[in-house]
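Text of the file structure_10.cif, holding mmCIF, C-alpha atoms and all ligand atoms:
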data_target
#
loop_
_atom_site.group_PDB
_atom_site.id
_atom_site.type_symbol
_atom_site.label_atom_id
_atom_site.label_comp_id
_atom_site.auth_asym_id
_atom_site.auth_seq_id
_atom_site.Cartn_x
_atom_site.Cartn_y
_atom_site.Cartn_z
ATOM 1 C CA MET J 24 -36.353 43.346 -1.736
ATOM 2 C CA GLY J 25 -40.048 43.211 -0.907
ATOM 3 C CA LEU J 26 -42.533 40.495 -1.719
ATOM 4 C CA PHE J 27 -44.014 42.627 -4.473
ATOM 5 C CA ASP J 28 -40.610 43.063 -6.145
ATOM 6 C CA ASP J 29 -40.086 39.302 -5.897
ATOM 7 C CA LEU J 30 -43.375 38.764 -7.644
ATOM 8 C CA LEU J 31 -42.544 41.299 -10.369
ATOM 9 C CA ASN J 32 -39.182 39.666 -10.886
ATOM 10 C CA ARG J 33 -40.705 36.235 -11.151
ATOM 11 C CA ARG J 34 -43.271 37.524 -13.669
ATOM 12 C CA LYS J 35 -40.460 39.086 -15.702
ATOM 13 C CA GLU J 36 -38.450 35.879 -15.635
ATOM 14 C CA GLU J 37 -41.541 33.948 -16.653
ATOM 15 C CA GLN J 38 -42.255 36.311 -19.566
ATOM 16 C CA GLU J 39 -38.672 35.960 -20.755
ATOM 17 C CA ALA J 40 -38.869 32.196 -20.461
ATOM 18 C CA LYS J 41 -42.110 32.176 -22.452
ATOM 19 C CA SER J 42 -40.817 34.401 -25.210
ATOM 20 C CA SER J 43 -37.680 32.275 -25.536
ATOM 21 C CA ASN J 44 -39.941 29.184 -25.656
ATOM 22 C CA ARG J 45 -38.179 27.726 -22.667
ATOM 23 C CA LEU J 46 -41.285 27.502 -20.475
ATOM 24 C CA PRO J 47 -43.819 24.951 -21.802
ATOM 25 C CA PRO J 48 -47.431 26.085 -22.282
ATOM 26 C CA GLY J 49 -49.505 26.351 -19.094
ATOM 27 C CA GLN J 50 -46.489 26.148 -16.764
ATOM 28 C CA SER J 51 -45.257 28.599 -14.076
ATOM 29 C CA LEU J 52 -41.722 28.985 -12.915
ATOM 30 C CA THR J 53 -40.711 28.046 -9.365
ATOM 31 C CA SER J 54 -37.404 28.247 -7.557
ATOM 32 C CA LYS J 55 -38.577 25.734 -4.935
ATOM 33 C CA PHE J 56 -38.380 21.984 -5.383
ATOM 34 C CA PRO J 57 -41.897 20.705 -4.605
ATOM 35 C CA VAL J 58 -42.296 17.102 -3.471
ATOM 36 C CA LEU J 59 -44.909 14.876 -5.111
ATOM 37 C CA THR J 60 -45.121 11.292 -3.950
ATOM 38 C CA TYR J 61 -48.063 8.929 -3.860
ATOM 39 C CA GLY J 62 -47.658 7.175 -0.518
ATOM 40 C CA PRO J 63 -44.742 7.091 1.937
ATOM 41 C CA ASN J 64 -41.013 7.095 1.231
ATOM 42 C CA PRO J 65 -39.568 3.578 1.338
ATOM 43 C CA ARG J 66 -36.915 2.672 3.877
ATOM 44 C CA PHE J 67 -34.168 0.439 2.604
ATOM 45 C CA ASP J 68 -30.921 -1.239 3.532
ATOM 46 C CA LEU J 69 -28.266 -0.510 0.921
ATOM 47 C CA LYS J 70 -26.447 -3.711 1.909
ATOM 48 C CA THR J 71 -29.301 -5.764 0.434
ATOM 49 C CA TRP J 72 -30.902 -3.257 -2.006
ATOM 50 C CA ASP J 73 -30.506 -4.024 -5.687
ATOM 51 C CA LEU J 74 -31.338 -2.590 -9.112
ATOM 52 C CA ARG J 75 -32.521 -5.074 -11.730
ATOM 53 C CA PHE J 76 -32.993 -5.092 -15.505
ATOM 54 C CA PHE J 77 -35.490 -7.611 -16.860
ATOM 55 C CA GLY J 78 -37.891 -8.491 -19.659
ATOM 56 C CA GLU J 79 -36.798 -8.990 -23.273
ATOM 57 C CA VAL J 80 -33.156 -8.520 -22.365
ATOM 58 C CA LYS J 81 -30.010 -10.533 -21.717
ATOM 59 C CA ALA J 82 -26.587 -9.544 -20.549
ATOM 60 C CA LYS J 83 -24.302 -8.742 -23.458
ATOM 61 C CA PRO J 84 -22.094 -11.802 -24.030
ATOM 62 C CA GLY J 85 -18.917 -11.410 -22.004
ATOM 63 C CA ALA J 86 -20.068 -8.153 -20.425
ATOM 64 C CA SER J 87 -18.602 -7.517 -17.006
ATOM 65 C CA HIS J 88 -17.744 -4.461 -15.002
ATOM 66 C CA GLU J 89 -14.857 -3.251 -12.890
ATOM 67 C CA GLY J 90 -14.872 0.164 -11.202
ATOM 68 C CA GLU J 91 -13.652 2.189 -8.232
ATOM 69 C CA VAL J 92 -15.748 3.208 -5.261
ATOM 70 C CA GLY J 93 -15.089 4.786 -1.863
ATOM 71 C CA THR J 94 -14.715 1.990 0.705
ATOM 72 C CA LEU J 95 -17.422 3.589 2.874
ATOM 73 C CA ALA J 96 -19.587 4.948 0.071
ATOM 74 C CA ALA J 97 -22.587 2.640 0.347
ATOM 75 C CA GLU J 98 -22.696 3.088 4.114
ATOM 76 C CA ALA J 99 -22.412 6.855 3.693
ATOM 77 C CA TYR J 100 -25.492 6.895 1.445
ATOM 78 C CA GLN J 101 -27.309 4.723 3.992
ATOM 79 C CA VAL J 102 -26.452 7.080 6.856
ATOM 80 C CA TRP J 103 -27.452 10.076 4.720
ATOM 81 C CA ASN J 104 -30.940 8.587 4.465
ATOM 82 C CA GLU J 105 -31.109 7.557 8.115
ATOM 83 C CA LEU J 106 -30.329 11.157 9.056
ATOM 84 C CA TYR J 107 -33.682 12.013 7.458
ATOM 85 C CA TRP J 108 -35.547 8.977 8.800
ATOM 86 C CA GLU J 109 -34.347 9.269 12.398
ATOM 87 C CA ARG J 110 -35.708 11.946 14.696
ATOM 88 C CA ASN J 111 -32.392 11.972 16.524
ATOM 89 C CA PRO J 112 -29.547 12.498 14.022
ATOM 90 C CA ASP J 113 -26.937 11.364 16.538
ATOM 91 C CA LYS J 114 -28.540 7.910 16.558
ATOM 92 C CA ALA J 115 -28.055 7.554 12.804
ATOM 93 C CA ILE J 116 -24.331 8.143 13.322
ATOM 94 C CA THR J 117 -23.865 5.961 16.410
ATOM 95 C CA ASN J 118 -25.618 3.064 14.636
ATOM 96 C CA ALA J 119 -23.040 3.181 11.827
ATOM 97 C CA SER J 120 -19.918 1.001 11.776
ATOM 98 C CA PRO J 121 -16.911 2.097 13.877
ATOM 99 C CA ALA J 122 -14.882 2.578 10.683
ATOM 100 C CA PHE J 123 -17.524 4.908 9.305
ATOM 101 C CA GLN J 124 -17.779 6.886 12.527
ATOM 102 C CA ASP J 125 -14.006 7.295 12.630
ATOM 103 C CA ALA J 126 -13.890 8.491 9.024
ATOM 104 C CA LEU J 127 -16.710 10.941 9.636
ATOM 105 C CA ARG J 128 -15.066 12.385 12.733
ATOM 106 C CA THR J 129 -11.745 12.698 10.901
ATOM 107 C CA GLN J 130 -13.542 14.437 8.070
ATOM 108 C CA ALA J 131 -15.622 16.747 10.188
ATOM 109 C CA GLY J 132 -13.395 17.427 13.201
ATOM 110 C CA THR J 133 -15.339 18.586 16.230
ATOM 111 C CA LEU J 134 -18.693 19.089 14.582
ATOM 112 C CA ASP J 135 -21.853 18.369 16.504
ATOM 113 C CA PHE J 136 -23.569 15.372 14.902
ATOM 114 C CA GLY J 137 -26.674 16.089 16.965
ATOM 115 C CA LYS J 138 -27.231 18.826 14.398
ATOM 116 C CA ARG J 139 -28.652 17.222 11.270
ATOM 117 C CA GLU J 140 -27.302 19.813 8.826
ATOM 118 C CA GLU J 141 -23.738 19.433 10.094
ATOM 119 C CA ALA J 142 -23.930 15.663 9.950
ATOM 120 C CA LEU J 143 -25.344 15.774 6.399
ATOM 121 C CA ASP J 144 -22.519 18.071 5.278
ATOM 122 C CA ALA J 145 -19.930 15.720 6.753
ATOM 123 C CA VAL J 146 -21.487 12.682 5.081
ATOM 124 C CA ALA J 147 -21.631 14.495 1.730
ATOM 125 C CA ALA J 148 -17.956 15.473 2.086
ATOM 126 C CA LEU J 149 -17.026 11.864 2.802
ATOM 127 C CA ILE J 150 -18.810 10.806 -0.387
ATOM 128 C CA GLN J 151 -17.250 13.571 -2.480
ATOM 129 C CA SER J 152 -13.691 12.884 -1.338
ATOM 130 C CA PRO J 153 -13.449 9.333 -0.025
ATOM 131 C CA PRO J 154 -10.381 8.669 2.135
ATOM 132 C CA GLU J 155 -9.916 5.239 0.538
ATOM 133 C CA THR J 156 -11.270 3.501 -2.529
ATOM 134 C CA LYS J 157 -11.552 -0.091 -3.617
ATOM 135 C CA THR J 158 -12.191 -1.982 -6.850
ATOM 136 C CA VAL J 159 -15.628 -3.477 -7.306
ATOM 137 C CA THR J 160 -16.642 -5.950 -10.001
ATOM 138 C CA ASN J 161 -19.922 -7.213 -11.392
ATOM 139 C CA ASP J 162 -20.315 -10.036 -13.893
ATOM 140 C CA ASP J 163 -24.122 -10.045 -13.840
ATOM 141 C CA PRO J 164 -25.127 -6.753 -15.529
ATOM 142 C CA LEU J 165 -28.823 -7.548 -14.998
ATOM 143 C CA ARG J 166 -28.438 -7.053 -11.243
ATOM 144 C CA TRP J 167 -26.495 -4.346 -9.399
ATOM 145 C CA THR J 168 -25.946 -3.928 -5.690
ATOM 146 C CA TYR J 169 -25.788 -0.311 -4.515
ATOM 147 C CA GLU J 170 -22.016 -0.438 -4.205
ATOM 148 C CA GLN J 171 -21.619 -1.928 -7.673
ATOM 149 C CA MET J 172 -23.910 0.756 -9.072
ATOM 150 C CA LEU J 173 -21.862 3.495 -7.390
ATOM 151 C CA SER J 174 -18.774 2.223 -9.211
ATOM 152 C CA LEU J 175 -20.300 2.887 -12.661
ATOM 153 C CA PRO J 176 -19.137 5.953 -14.604
ATOM 154 C CA THR J 177 -21.424 8.986 -14.288
ATOM 155 C CA VAL J 178 -22.221 12.139 -16.220
ATOM 156 C CA LYS J 179 -23.441 15.529 -14.955
ATOM 157 C CA ILE J 180 -26.285 17.390 -16.559
ATOM 158 C CA THR J 181 -28.108 20.653 -15.910
ATOM 159 C CA THR J 182 -31.654 20.731 -17.194
ATOM 160 C CA ASP J 183 -35.169 22.128 -16.765
ATOM 161 C CA ILE J 184 -37.907 19.966 -15.242
ATOM 162 C CA HIS J 185 -41.674 20.276 -15.736
ATOM 163 C CA CYS J 186 -44.357 18.859 -13.455
ATOM 164 C CA VAL J 187 -47.840 18.170 -14.778
ATOM 165 C CA THR J 188 -49.218 20.098 -11.767
ATOM 166 C CA ARG J 189 -47.909 23.180 -13.633
ATOM 167 C CA TRP J 190 -44.629 24.043 -11.983
ATOM 168 C CA SER J 191 -41.368 24.122 -13.901
ATOM 169 C CA LYS J 192 -37.918 24.492 -12.411
ATOM 170 C CA PHE J 193 -34.963 25.668 -14.467
ATOM 171 C CA ASP J 194 -31.320 24.622 -14.310
ATOM 172 C CA THR J 195 -31.575 21.630 -11.992
ATOM 173 C CA SER J 196 -28.277 19.746 -11.777
ATOM 174 C CA TRP J 197 -27.961 15.992 -11.520
ATOM 175 C CA GLU J 198 -25.248 13.378 -11.671
ATOM 176 C CA GLY J 199 -25.877 9.798 -12.628
ATOM 177 C CA ILE J 200 -25.450 6.901 -15.003
ATOM 178 C CA ARG J 201 -26.525 7.704 -18.542
ATOM 179 C CA PHE J 202 -29.182 5.140 -19.457
ATOM 180 C CA ARG J 203 -28.013 4.903 -23.067
ATOM 181 C CA ASP J 204 -24.392 4.279 -22.073
ATOM 182 C CA PHE J 205 -25.528 1.580 -19.668
ATOM 183 C CA VAL J 206 -27.652 -0.151 -22.306
ATOM 184 C CA GLU J 207 -24.936 -0.001 -24.969
ATOM 185 C CA THR J 208 -22.250 -1.283 -22.628
ATOM 186 C CA PHE J 209 -24.072 -4.077 -20.843
ATOM 187 C CA LEU J 210 -27.314 -5.169 -22.474
ATOM 188 C CA ASP J 211 -28.354 -7.357 -25.365
ATOM 189 C CA LEU J 212 -31.927 -6.356 -26.180
ATOM 190 C CA ASP J 213 -34.461 -8.245 -28.222
ATOM 191 C CA PRO J 214 -34.677 -6.098 -31.395
ATOM 192 C CA ALA J 215 -38.467 -5.905 -30.923
ATOM 193 C CA VAL J 216 -38.155 -3.991 -27.632
ATOM 194 C CA LYS J 217 -40.112 -0.736 -27.932
ATOM 195 C CA TYR J 218 -40.863 0.253 -24.318
ATOM 196 C CA VAL J 219 -39.138 0.639 -20.984
ATOM 197 C CA ILE J 220 -41.140 0.379 -17.773
ATOM 198 C CA ALA J 221 -39.698 1.687 -14.522
ATOM 199 C CA HIS J 222 -40.620 -0.285 -11.389
ATOM 200 C CA CYS J 223 -40.358 1.334 -7.966
ATOM 201 C CA ASP J 224 -40.701 0.380 -4.316
ATOM 202 C CA TYR J 225 -44.386 0.055 -3.297
ATOM 203 C CA GLY J 226 -45.352 -0.740 -6.889
ATOM 204 C CA TYR J 227 -45.266 2.665 -8.613
ATOM 205 C CA THR J 228 -44.561 2.187 -12.329
ATOM 206 C CA THR J 229 -44.198 4.448 -15.337
ATOM 207 C CA ASN J 230 -43.731 3.639 -19.029
ATOM 208 C CA LEU J 231 -41.794 5.298 -21.847
ATOM 209 C CA PRO J 232 -40.839 4.453 -25.414
ATOM 210 C CA PHE J 233 -37.357 2.971 -25.625
ATOM 211 C CA ASP J 234 -36.309 5.773 -28.051
ATOM 212 C CA VAL J 235 -37.226 8.432 -25.490
ATOM 213 C CA MET J 236 -35.149 6.659 -22.835
ATOM 214 C CA MET J 237 -32.142 6.554 -25.183
ATOM 215 C CA ASP J 238 -31.851 10.363 -25.302
ATOM 216 C CA ASP J 239 -28.518 11.600 -23.950
ATOM 217 C CA ASP J 240 -30.108 13.456 -20.999
ATOM 218 C CA VAL J 241 -31.813 10.384 -19.495
ATOM 219 C CA LEU J 242 -30.133 9.303 -16.265
ATOM 220 C CA ILE J 243 -30.297 6.758 -13.502
ATOM 221 C CA THR J 244 -29.427 9.291 -10.841
ATOM 222 C CA TYR J 245 -28.568 9.423 -7.150
ATOM 223 C CA THR J 246 -27.056 12.930 -6.847
ATOM 224 C CA TYR J 247 -28.973 16.206 -6.950
ATOM 225 C CA ALA J 248 -27.247 19.606 -6.720
ATOM 226 C CA GLY J 249 -23.962 17.933 -5.809
ATOM 227 C CA VAL J 250 -25.238 15.976 -2.791
ATOM 228 C CA PRO J 251 -27.037 12.633 -2.393
ATOM 229 C CA LEU J 252 -30.670 12.619 -3.432
ATOM 230 C CA GLU J 253 -33.008 13.189 -0.477
ATOM 231 C CA PRO J 254 -35.639 10.580 0.461
ATOM 232 C CA ASP J 255 -38.423 12.963 -0.626
ATOM 233 C CA HIS J 256 -36.930 13.263 -4.090
ATOM 234 C CA GLY J 257 -36.485 9.552 -4.669
ATOM 235 C CA ALA J 258 -33.508 8.180 -2.731
ATOM 236 C CA PRO J 259 -31.650 5.995 -3.128
ATOM 237 C CA VAL J 260 -32.023 6.149 -6.941
ATOM 238 C CA ARG J 261 -34.449 7.608 -9.470
ATOM 239 C CA THR J 262 -34.675 7.991 -13.213
ATOM 240 C CA LEU J 263 -34.493 11.438 -14.746
ATOM 241 C CA VAL J 264 -36.268 11.989 -18.068
ATOM 242 C CA PRO J 265 -36.215 15.782 -18.465
ATOM 243 C CA LYS J 266 -38.105 15.917 -21.771
ATOM 244 C CA ARG J 267 -41.248 14.407 -20.255
ATOM 245 C CA TYR J 268 -43.514 15.571 -17.413
ATOM 246 C CA PHE J 269 -41.851 14.780 -14.124
ATOM 247 C CA TRP J 270 -44.175 11.907 -13.156
ATOM 248 C CA LYS J 271 -42.211 9.909 -15.748
ATOM 249 C CA SER J 272 -39.041 10.340 -13.643
ATOM 250 C CA ALA J 273 -39.396 7.360 -11.329
ATOM 251 C CA LYS J 274 -38.370 7.796 -7.691
ATOM 252 C CA PHE J 275 -37.269 4.844 -5.498
ATOM 253 C CA LEU J 276 -36.319 2.937 -8.643
ATOM 254 C CA ARG J 277 -35.781 -0.823 -8.255
ATOM 255 C CA ALA J 278 -35.976 -2.215 -11.786
ATOM 256 C CA LEU J 279 -36.230 -1.360 -15.468
ATOM 257 C CA GLU J 280 -38.228 -3.688 -17.700
ATOM 258 C CA PHE J 281 -37.694 -3.932 -21.449
ATOM 259 C CA SER J 282 -40.876 -4.800 -23.318
ATOM 260 C CA LYS J 283 -42.219 -5.320 -26.838
ATOM 261 C CA VAL J 284 -45.646 -4.103 -25.730
ATOM 262 C CA ASP J 285 -46.558 -0.924 -23.907
ATOM 263 C CA LYS J 286 -47.608 -1.181 -20.246
ATOM 264 C CA PRO J 287 -49.166 2.077 -19.032
ATOM 265 C CA GLY J 288 -47.958 2.887 -15.514
ATOM 266 C CA PHE J 289 -49.560 4.151 -12.313
ATOM 267 C CA TRP J 290 -50.544 7.657 -13.456
ATOM 268 C CA GLU J 291 -50.959 6.678 -17.103
ATOM 269 C CA LYS J 292 -53.642 4.179 -16.071
ATOM 270 C CA ALA J 293 -55.203 6.837 -13.825
ATOM 271 C CA GLY J 294 -55.803 9.147 -16.763
ATOM 272 C CA TYR J 295 -52.546 10.954 -17.407
ATOM 273 C CA HIS J 296 -51.343 11.102 -20.993
ATOM 274 C CA ASN J 297 -49.312 8.129 -22.179
ATOM 275 C CA ASP J 298 -46.513 10.260 -23.698
ATOM 276 C CA GLY J 299 -46.448 13.329 -21.425
ATOM 277 C CA ASP J 300 -44.498 15.790 -23.579
ATOM 278 C CA PRO J 301 -44.708 19.178 -21.777
ATOM 279 C CA PHE J 302 -44.155 21.199 -24.948
ATOM 280 C CA LYS J 303 -47.161 19.474 -26.559
ATOM 281 C CA GLU J 304 -49.033 19.921 -23.263
ATOM 282 C CA GLU J 305 -49.862 16.220 -23.138
ATOM 283 C CA ARG J 306 -51.280 16.220 -19.613
ATOM 284 C CA TYR J 307 -54.367 14.032 -19.556
ATOM 285 C CA GLY J 308 -56.343 11.505 -21.518
ATOM 286 C CA GLY J 309 -54.529 11.071 -24.779
ATOM 287 C CA ARG J 310 -54.439 7.502 -25.909
ATOM 288 C CA ARG J 311 -55.930 5.057 -23.431
ATOM 289 C CA GLY J 312 -57.472 1.638 -23.329
ATOM 290 C CA PHE J 313 -54.661 -0.680 -24.245
ATOM 291 C CA PHE J 314 -55.734 -3.125 -21.547
HETATM 292 N N1 LIG J 401 -41.899 5.942 -7.135
HETATM 293 C C1 LIG J 401 -42.513 7.103 -7.383
HETATM 294 N N2 LIG J 401 -41.989 7.906 -8.322
HETATM 295 C C2 LIG J 401 -42.581 9.094 -8.600
HETATM 296 C C3 LIG J 401 -43.759 9.497 -7.936
HETATM 297 C C4 LIG J 401 -44.298 8.616 -6.946
HETATM 298 O O1 LIG J 401 -45.327 8.884 -6.314
HETATM 299 N N3 LIG J 401 -43.626 7.436 -6.688
HETATM 300 N N4 LIG J 401 -44.351 10.687 -8.242
HETATM 301 C C5 LIG J 401 -44.087 11.214 -9.587
HETATM 302 C C6 LIG J 401 -44.575 12.547 -9.752
HETATM 303 S S1 LIG J 401 -46.243 12.725 -9.995
HETATM 304 C C7 LIG J 401 -43.741 13.608 -9.830
HETATM 305 S S2 LIG J 401 -44.327 15.157 -10.245
HETATM 306 C C8 LIG J 401 -42.306 13.490 -9.515
HETATM 307 C C9 LIG J 401 -41.996 14.397 -8.344
HETATM 308 O O2 LIG J 401 -40.645 14.382 -8.029
HETATM 309 P P1 LIG J 401 -40.158 15.295 -6.825
HETATM 310 O O3 LIG J 401 -40.960 14.902 -5.617
HETATM 311 O O4 LIG J 401 -38.693 15.034 -6.698
HETATM 312 O O5 LIG J 401 -40.448 16.723 -7.221
HETATM 313 O O6 LIG J 401 -41.931 12.167 -9.172
HETATM 314 C C10 LIG J 401 -42.589 11.162 -9.899
HETATM 315 N N5 LIG J 401 -42.031 9.885 -9.544
HETATM 316 MO MO MO J 402 -46.569 14.941 -10.795
#

Could you write out this file's structure as C-alpha cells?
Ligand SMILES: Nc1nc2c(c(=O)[nH]1)N[C@H]1C(S)=C(S)[C@@H](COP(=O)(O)O)O[C@H]1N2
Ligand SMILES: [Mo]
Amino acid sequence: MGLFDDLLNRRKEEQEAKSSNRLPPGQSLTSKFPVLTYGPNPRFDLKTWDLRFFGEVKAKPGASHEGEVGTLAAEAYQVWNELYWERNPDKAITNASPAFQDALRTQAGTLDFGKREEALDAVAALIQSPPETKTVTNDDPLRWTYEQMLSLPTVKITTDIHCVTRWSKFDTSWEGIRFRDFVETFLDLDPAVKYVIAHCDYGYTTNLPFDVMMDDDVLITYTYAGVPLEPDHGAPVRTLVPKRYFWKSAKFLRALEFSKVDKPGFWEKAGYHNDGDPFKEERYGGRRGFF
C-alpha cells in the first residue's frame, strides 16, 4: 500500500473516530507512540528505589501486605532498563548476578545477548513466566520497594490516550495497580483530602482531583503492551490517567501526595489547564493563580 493510501486510510479512520465521538476535538490519530519528556530520563537502582505515599494520609490500621513475586523479577526490570541505558547490551547482562545470567540463558538458549532486541525478549519472557517465585511482605503501606510493589495485584486495561500536543492513540494496553484498589486496601485518608499530586524524579509534578484519580481506569503502571515500560515512557513506574491529557500521567513516579489544597504541577504552573479534560478541550489557561 502506498503512502497516499495510508494517508487516505488514516483520514477515514479519523473521520470515523470523530463521528463516533471517540476522538476529542482538535486531536489527530497516530499509530506511533511519541515521547514527550522535559529533561533526561532518570537512572535508578531498583534495589534502593521506593514509591511513597504522603500528606494527609496514614496507613490503614492493621494494614499489611503479602504477595508473590518472581525471585529475579526486580533484577529483571533493572536489566531491562540497563539494556536501554548501556551502549553495549552484553555489558548489561554480564553486570547482572550469576543467578540472573543463568536464568536468562536457560530461558533464551543460545541467543546472542549482544543483540539488544534478543536480550529484551529474553528478559521479558523471564518476567512473564518466572522460574521461581517467593512471598514478599510489607507492613508499611506508605512505602514500597520495587519488589514489594511488583507483588501487588494488577489489572489490565485497554484505553485511548490524548496528548495536549494534539495526538491521540487508540487502544493502548497497560497493566498495573489500580489506584482506587490500592487506596481502599491500604490507606486511611483525612476526609478533607481533595487532591492528589504526583511527584517524579527530577521534580516533575502534576495535580489531579482525588475523585478523578479514583476512577477505575487510573493505574500505577509498569507494563505497556505486555512488556516492561521503556525508559522513554516512564520506567520504572508511571501513573496512567486516561481521561485527562497525557501530561497528567506522571512518568518516573516516586510519590503520591494527598492534599486538602490544590497544588498546580509543572505544566499547570506553566500555563496548561488545571483540569485537562480532552473532551472539553481544556488545553491552556483555565483557572490559574492559586499561589
Ligand atoms: N516525570 C515526567 N512525567 C511526564 C512528563 C515529563 O516530562 N516528566 N511529560 C508529560 C507529558 S507532557 C506527556 S504528553 C506524557 C508523555 O508520555 P510519553 O512520553 O509516554 O508519550 O508524559 C507526561 N509525564
Ligand atoms: Mo504533553

Inset, instruction - Could you tell me, counting all atoms listed in the file, which protein and nucleic acid residues lie no more than 8 Å from ligand LIG 401 (chain J), written as JSON, numbers by chain? - result: {"J": [56, 57, 58, 59, 60, 61, 62, 185, 186, 187, 188, 222, 223, 224, 225, 226, 227, 228, 255, 256, 257, 261, 268, 269, 270, 271, 272, 273, 274, 275, 276, 290]}

Considering all atoms listed in the file, return as a PDB file with C-alpha atoms, keeping the file's coordinate frame whatever protein or nucleic-acid residues lie within 12 Å of Glu36 in chain J, sequence-local ones (same chain, fewer than 2 positions apart) excluded.
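That gives us out.pdb:
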ATOM      1  CA  ASP J  29     -40.086  39.302  -5.897  1.00  0.00           C
ATOM      2  CA  LEU J  30     -43.375  38.764  -7.644  1.00  0.00           C
ATOM      3  CA  LEU J  31     -42.544  41.299 -10.369  1.00  0.00           C
ATOM      4  CA  ASN J  32     -39.182  39.666 -10.886  1.00  0.00           C
ATOM      5  CA  ARG J  33     -40.705  36.235 -11.151  1.00  0.00           C
ATOM      6  CA  ARG J  34     -43.271  37.524 -13.669  1.00  0.00           C
ATOM      7  CA  GLN J  38     -42.255  36.311 -19.566  1.00  0.00           C
ATOM      8  CA  GLU J  39     -38.672  35.960 -20.755  1.00  0.00           C
ATOM      9  CA  ALA J  40     -38.869  32.196 -20.461  1.00  0.00           C
ATOM     10  CA  LYS J  41     -42.110  32.176 -22.452  1.00  0.00           C
ATOM     11  CA  SER J  42     -40.817  34.401 -25.210  1.00  0.00           C
ATOM     12  CA  SER J  43     -37.680  32.275 -25.536  1.00  0.00           C
ATOM     13  CA  ARG J  45     -38.179  27.726 -22.667  1.00  0.00           C
ATOM     14  CA  LEU J  46     -41.285  27.502 -20.475  1.00  0.00           C
ATOM     15  CA  SER J  51     -45.257  28.599 -14.076  1.00  0.00           C
ATOM     16  CA  LEU J  52     -41.722  28.985 -12.915  1.00  0.00           C
ATOM     17  CA  THR J  53     -40.711  28.046  -9.365  1.00  0.00           C
ATOM     18  CA  SER J  54     -37.404  28.247  -7.557  1.00  0.00           C
ATOM     19  CA  LYS J 192     -37.918  24.492 -12.411  1.00  0.00           C
ATOM     20  CA  PHE J 193     -34.963  25.668 -14.467  1.00  0.00           C
TER      21      PHE J 193
END

Inset, instruction - Just give me the residues with any atom within 12 Å of (-15.8, 15.0, -2.2), file coordinates, counting all atoms listed in the file, written as a VMD selection string. - result: chain J and resid 93 96 130 144 to 155 249 to 251

Please, could you write that set of residues out with C-alpha atoms as a PDB file, in the coordinates of the input?
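Output below, filename part_33.pdb:
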ATOM      1  CA  GLY J  93     -15.089   4.786  -1.863  1.00  0.00           C
ATOM      2  CA  ALA J  96     -19.587   4.948   0.071  1.00  0.00           C
ATOM      3  CA  GLN J 130     -13.542  14.437   8.070  1.00  0.00           C
ATOM      4  CA  ASP J 144     -22.519  18.071   5.278  1.00  0.00           C
ATOM      5  CA  ALA J 145     -19.930  15.720   6.753  1.00  0.00           C
ATOM      6  CA  VAL J 146     -21.487  12.682   5.081  1.00  0.00           C
ATOM      7  CA  ALA J 147     -21.631  14.495   1.730  1.00  0.00           C
ATOM      8  CA  ALA J 148     -17.956  15.473   2.086  1.00  0.00           C
ATOM      9  CA  LEU J 149     -17.026  11.864   2.802  1.00  0.00           C
ATOM     10  CA  ILE J 150     -18.810  10.806  -0.387  1.00  0.00           C
ATOM     11  CA  GLN J 151     -17.250  13.571  -2.480  1.00  0.00           C
ATOM     12  CA  SER J 152     -13.691  12.884  -1.338  1.00  0.00           C
ATOM     13  CA  PRO J 153     -13.449   9.333  -0.025  1.00  0.00           C
ATOM     14  CA  PRO J 154     -10.381   8.669   2.135  1.00  0.00           C
ATOM     15  CA  GLU J 155      -9.916   5.239   0.538  1.00  0.00           C
ATOM     16  CA  GLY J 249     -23.962  17.933  -5.809  1.00  0.00           C
ATOM     17  CA  VAL J 250     -25.238  15.976  -2.791  1.00  0.00           C
ATOM     18  CA  PRO J 251     -27.037  12.633  -2.393  1.00  0.00           C
TER      19      PRO J 251
END

Inset, instruction - Please provide the set of residues having any atom within 10 Å of Arg166 in chain J, restricted to all atoms listed in the file, with same-chain residues fewer than 3 positions apart removed, written as a PyMOL selection string. - result: chain J and resi 73-77+82+161-163+169+171-172+278

Legend entry - Selection result for the PyMOL selection byres (((chain J and resi 304) around 12) and not hetatm) on this file, as a list in words: Leu46, Pro47, Pro48, Gly49, Gln50, His185, Cys186, Val187, Thr188, Arg189, Lys266, Arg267, Tyr268, Tyr295, His296, Asn297, Asp298, Gly299, Asp300, Pro301, Phe302, Lys303, Glu305, Arg306, Tyr307, Gly308 and Gly309 of chain J

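Interatomic distance, CA of Lys286 in chain J against CA of Thr229 in chain J: 8.2 Å.
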
Legend entry - 8 Å contact set for Arg201 in chain J, only C-alpha atoms, chain neighbours under 2 positions out, as a ChimeraX atom specification: /J:177-178,199,203-205,239-243

Legend entry - Exercise: Lys138 in chain J partners within 12 Å, all atoms listed in the file, chain neighbours under 5 positions left out, as a ChimeraX atom specification: /J:106-107,110-116,143-145

Legend entry - Residue nearest Pro164 in chain J among J:Glu109, J:Glu98, J:Asp125, J:Glu89 (counting all atoms listed in the file): J:Glu89

Legend entry - d(CA of Pro121 in chain J, CA of Asp68 in chain J) in Å: 17.7 Å

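Of the listed residues J:Tyr218, J:Tyr100, J:Trp167, J:Phe123, the one whose atoms come nearest to Val235 in chain J is J:Tyr218, with distances taken using only C-alpha atoms.
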
Since the input lacks atoms, please generate N, CA and C atoms for range 239-243 of chain J and provide them as a short mmCIF file (atom, residue, chain, number, x, y, z; two decimals), in the coordinates of the input.
data_model
loop_
_atom_site.label_atom_id
_atom_site.label_comp_id
_atom_site.auth_asym_id
_atom_site.auth_seq_id
_atom_site.Cartn_x
_atom_site.Cartn_y
_atom_site.Cartn_z
N ASP J 239 -29.76 11.51 -24.74
CA ASP J 239 -28.52 11.60 -23.95
C ASP J 239 -28.70 12.28 -22.59
N ASP J 240 -29.89 12.84 -22.31
CA ASP J 240 -30.11 13.46 -21.00
C ASP J 240 -30.91 12.56 -20.04
N VAL J 241 -31.07 11.29 -20.38
CA VAL J 241 -31.81 10.38 -19.50
C VAL J 241 -30.84 9.67 -18.55
N LEU J 242 -31.07 9.84 -17.26
CA LEU J 242 -30.13 9.30 -16.26
C LEU J 242 -30.81 8.36 -15.27
N ILE J 243 -29.99 7.47 -14.74
CA ILE J 243 -30.30 6.76 -13.50
C ILE J 243 -29.48 7.52 -12.47
#
